[in-house]
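Trainee: One file is attached below, coords.cif, containing mmCIF, C-alpha atoms and all ligand atoms; chains and numbers go by the auth columns.
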data_entry
#
loop_
_atom_site.group_PDB
_atom_site.id
_atom_site.type_symbol
_atom_site.label_atom_id
_atom_site.label_comp_id
_atom_site.label_asym_id
_atom_site.label_seq_id
_atom_site.Cartn_x
_atom_site.Cartn_y
_atom_site.Cartn_z
_atom_site.B_iso_or_equiv
_atom_site.auth_seq_id
_atom_site.auth_asym_id
ATOM 1 C CA MET A 1 14.312 -13.171 3.860 0.00 1 A
ATOM 2 C CA VAL A 2 16.512 -12.463 0.847 0.00 2 A
ATOM 3 C CA CYS A 3 16.651 -16.072 -0.295 0.00 3 A
ATOM 4 C CA PHE A 4 12.848 -16.233 -0.359 0.00 4 A
ATOM 5 C CA CYS A 5 12.350 -13.115 -2.410 0.00 5 A
ATOM 6 C CA PHE A 6 11.524 -15.021 -5.578 0.00 6 A
ATOM 7 C CA LEU A 7 8.667 -16.776 -3.796 0.00 7 A
ATOM 8 C CA VAL A 8 7.312 -13.927 -1.700 0.00 8 A
ATOM 9 C CA ASP A 9 5.716 -10.878 -3.179 0.00 9 A
ATOM 10 C CA GLN A 10 3.749 -7.967 -1.833 0.00 10 A
ATOM 11 C CA THR A 11 0.780 -6.241 -3.359 0.00 11 A
ATOM 12 C CA LYS A 12 -0.532 -2.872 -2.318 0.00 12 A
ATOM 13 C CA LYS A 13 -4.208 -2.161 -2.830 0.00 13 A
ATOM 14 C CA VAL A 14 -6.206 0.989 -2.286 0.00 14 A
ATOM 15 C CA ARG A 15 -9.503 0.012 -0.735 0.00 15 A
ATOM 16 C CA ARG A 16 -11.049 3.462 -0.730 0.00 16 A
ATOM 17 C CA CYS A 17 -9.910 7.038 -0.728 0.00 17 A
ATOM 18 C CA LYS A 18 -11.344 10.492 -0.335 0.00 18 A
ATOM 19 C CA PRO A 19 -9.875 13.886 -1.176 0.00 19 A
ATOM 20 C CA VAL A 20 -8.206 15.965 1.509 0.00 20 A
ATOM 21 C CA ALA A 21 -6.619 19.367 1.482 0.00 21 A
ATOM 22 C CA GLY A 22 -3.040 19.140 0.346 0.00 22 A
ATOM 23 C CA MET A 23 -0.806 18.971 -2.651 0.00 23 A
ATOM 24 C CA CYS A 24 1.619 16.464 -4.039 0.00 24 A
ATOM 25 C CA SER A 25 5.224 17.604 -3.685 0.00 25 A
ATOM 26 C CA ARG A 26 6.175 15.825 -6.901 0.00 26 A
ATOM 27 C CA CYS A 27 3.529 16.791 -9.442 0.00 27 A
ATOM 28 C CA GLY A 28 1.297 19.305 -7.643 0.00 28 A
ATOM 29 C CA GLY A 29 -1.775 17.088 -7.930 0.00 29 A
ATOM 30 C CA GLY A 30 -4.494 16.739 -5.337 0.00 30 A
ATOM 31 C CA ALA A 31 -3.957 14.647 -2.239 0.00 31 A
ATOM 32 C CA SER A 32 -6.368 12.112 -0.833 0.00 32 A
ATOM 33 C CA VAL A 33 -6.460 9.961 2.270 0.00 33 A
ATOM 34 C CA ALA A 34 -6.576 6.304 1.368 0.00 34 A
ATOM 35 C CA ASP A 35 -7.264 3.067 3.188 0.00 35 A
ATOM 36 C CA MET A 36 -4.488 0.823 1.985 0.00 36 A
ATOM 37 C CA LYS A 37 -4.111 -2.909 2.258 0.00 37 A
ATOM 38 C CA THR A 38 -0.793 -4.653 1.885 0.00 38 A
ATOM 39 C CA GLU A 39 -0.893 -8.339 1.095 0.00 39 A
ATOM 40 C CA THR A 40 2.154 -10.518 1.432 0.00 40 A
ATOM 41 C CA ARG A 41 1.930 -13.665 -0.626 0.00 41 A
ATOM 42 C CA PHE A 42 3.975 -16.813 -0.614 0.00 42 A
ATOM 43 C CA CYS A 43 3.757 -18.713 -3.895 0.00 43 A
ATOM 44 C CA HIS A 44 0.754 -16.510 -4.776 0.00 44 A
ATOM 45 C CA VAL A 45 -1.118 -17.521 -1.608 0.00 45 A
ATOM 46 C CA PRO A 46 -1.788 -14.631 0.767 0.00 46 A
ATOM 47 C CA PHE A 47 -0.543 -15.451 4.243 0.00 47 A
ATOM 48 C CA TYR A 48 -0.213 -12.034 5.817 0.00 48 A
ATOM 49 C CA TRP A 49 -1.941 -8.731 5.294 0.00 49 A
ATOM 50 C CA ARG A 50 -2.395 -5.493 7.104 0.00 50 A
ATOM 51 C CA SER A 51 -4.391 -2.333 6.664 0.00 51 A
ATOM 52 C CA TRP A 52 -2.967 1.137 6.926 0.00 52 A
ATOM 53 C CA LYS A 53 -3.814 4.678 6.063 0.00 53 A
ATOM 54 C CA ALA A 54 -1.879 6.865 3.722 0.00 54 A
ATOM 55 C CA ILE A 55 -2.040 10.325 2.252 0.00 55 A
ATOM 56 C CA MET A 56 -1.400 9.804 -1.421 0.00 56 A
ATOM 57 C CA CYS A 57 -1.512 11.728 -4.642 0.00 57 A
ATOM 58 C CA THR A 58 -4.555 11.033 -6.798 0.00 58 A
ATOM 59 C CA PHE A 59 -2.633 11.991 -9.909 0.00 59 A
ATOM 60 C CA CYS A 60 0.728 10.211 -9.791 0.00 60 A
ATOM 61 C CA GLY A 61 -0.032 7.807 -6.937 0.00 61 A
ATOM 62 C CA SER A 62 2.968 8.635 -4.796 0.00 62 A
ATOM 63 C CA VAL A 63 2.543 8.165 -1.051 0.00 63 A
ATOM 64 C CA LEU A 64 3.013 11.505 0.652 0.00 64 A
ATOM 65 C CA ARG A 65 2.565 10.290 4.211 0.00 65 A
ATOM 66 C CA SER A 66 1.591 7.006 5.777 0.00 66 A
ATOM 67 C CA TYR A 67 0.068 6.057 9.103 0.00 67 A
ATOM 68 C CA HIS A 68 0.719 2.509 10.237 0.00 68 A
HETATM 69 ZN ZN ZN B . 1.666 13.511 -7.524 0.00 1 B
#
Could you take the file, read its structure, and then write that structure out as structure tokens?

Mentor:
Amino acid sequence: MVCFCFLVDQTKKVRRCKPVAGMCSRCGGGASVADMKTETRFCHVPFYWRSWKAIMCTFCGSVLRSYH
């Protein structure tokens, strides 16, 4: 996989999110549960993607917990 790293890239997108109770351990901002989508692209053409859920900070964007 290493030799292909210049051709393959991954993008993370937040499809939707809603606030949940919780606090970010880094900045103390509010947490929200988000539907994430990870796209893996080869030469900018998506060939693999998956959806997953994550608890993330709405302020700094750090992922606090993820469910795959
Ligand atoms: Zn934060």

Trainee: Check which residues fall inside 7 Å of ligand ZN 1 (chain B) when counting only C-alpha atoms and all ligand atoms, and print them as a ChimeraX atom specification.

Mentor: /A:24-29,57-62

Trainee: Do you know which residues are at most 9 Å from stretch 31-39 of chain A counting all atoms listed in the file, after dropping those on the same chain fewer than 3 positions away, and could you put them as a VMD selection string?

Mentor: chain A and resid 9 to 24 28 46 to 59 64

Trainee: Output C-alpha atoms for every residue in that selection, as a tab-separated table (two decimals), in the frame of the given file.

Mentor:
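So the final result, stored in out.tsv, reads:
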chain	number	residue	atom	x	y	z
A	9	ASP	CA	5.72	-10.88	-3.18
A	10	GLN	CA	3.75	-7.97	-1.83
A	11	THR	CA	0.78	-6.24	-3.36
A	12	LYS	CA	-0.53	-2.87	-2.32
A	13	LYS	CA	-4.21	-2.16	-2.83
A	14	VAL	CA	-6.21	0.99	-2.29
A	15	ARG	CA	-9.50	0.01	-0.74
A	16	ARG	CA	-11.05	3.46	-0.73
A	17	CYS	CA	-9.91	7.04	-0.73
A	18	LYS	CA	-11.34	10.49	-0.34
A	19	PRO	CA	-9.88	13.89	-1.18
A	20	VAL	CA	-8.21	15.96	1.51
A	21	ALA	CA	-6.62	19.37	1.48
A	22	GLY	CA	-3.04	19.14	0.35
A	23	MET	CA	-0.81	18.97	-2.65
A	24	CYS	CA	1.62	16.46	-4.04
A	28	GLY	CA	1.30	19.30	-7.64
A	46	PRO	CA	-1.79	-14.63	0.77
A	47	PHE	CA	-0.54	-15.45	4.24
A	48	TYR	CA	-0.21	-12.03	5.82
A	49	TRP	CA	-1.94	-8.73	5.29
A	50	ARG	CA	-2.40	-5.49	7.10
A	51	SER	CA	-4.39	-2.33	6.66
A	52	TRP	CA	-2.97	1.14	6.93
A	53	LYS	CA	-3.81	4.68	6.06
A	54	ALA	CA	-1.88	6.86	3.72
A	55	ILE	CA	-2.04	10.32	2.25
A	56	MET	CA	-1.40	9.80	-1.42
A	57	CYS	CA	-1.51	11.73	-4.64
A	58	THR	CA	-4.56	11.03	-6.80
A	59	PHE	CA	-2.63	11.99	-9.91
A	64	LEU	CA	3.01	11.50	0.65

Trainee: Under the rule that all atoms listed in the file are counted, which of A:Gly30, A:Val63, A:His44, A:His68 is the nearest residue to A:Val8?

Mentor: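 Nearest to A:Val8: A:His44.
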
Trainee: How big is the axis-aligned box around all listed atoms of stretch 8-24 of chain A once 6 Å goes on each side, and where's its centre, in Å to one decimal, as lines of an AutoDock Vina configuration file?

Mentor:
center_x = -2.0
center_y = 2.7
center_z = -1.3
size_x = 30.7
size_y = 45.3
size_z = 17.5
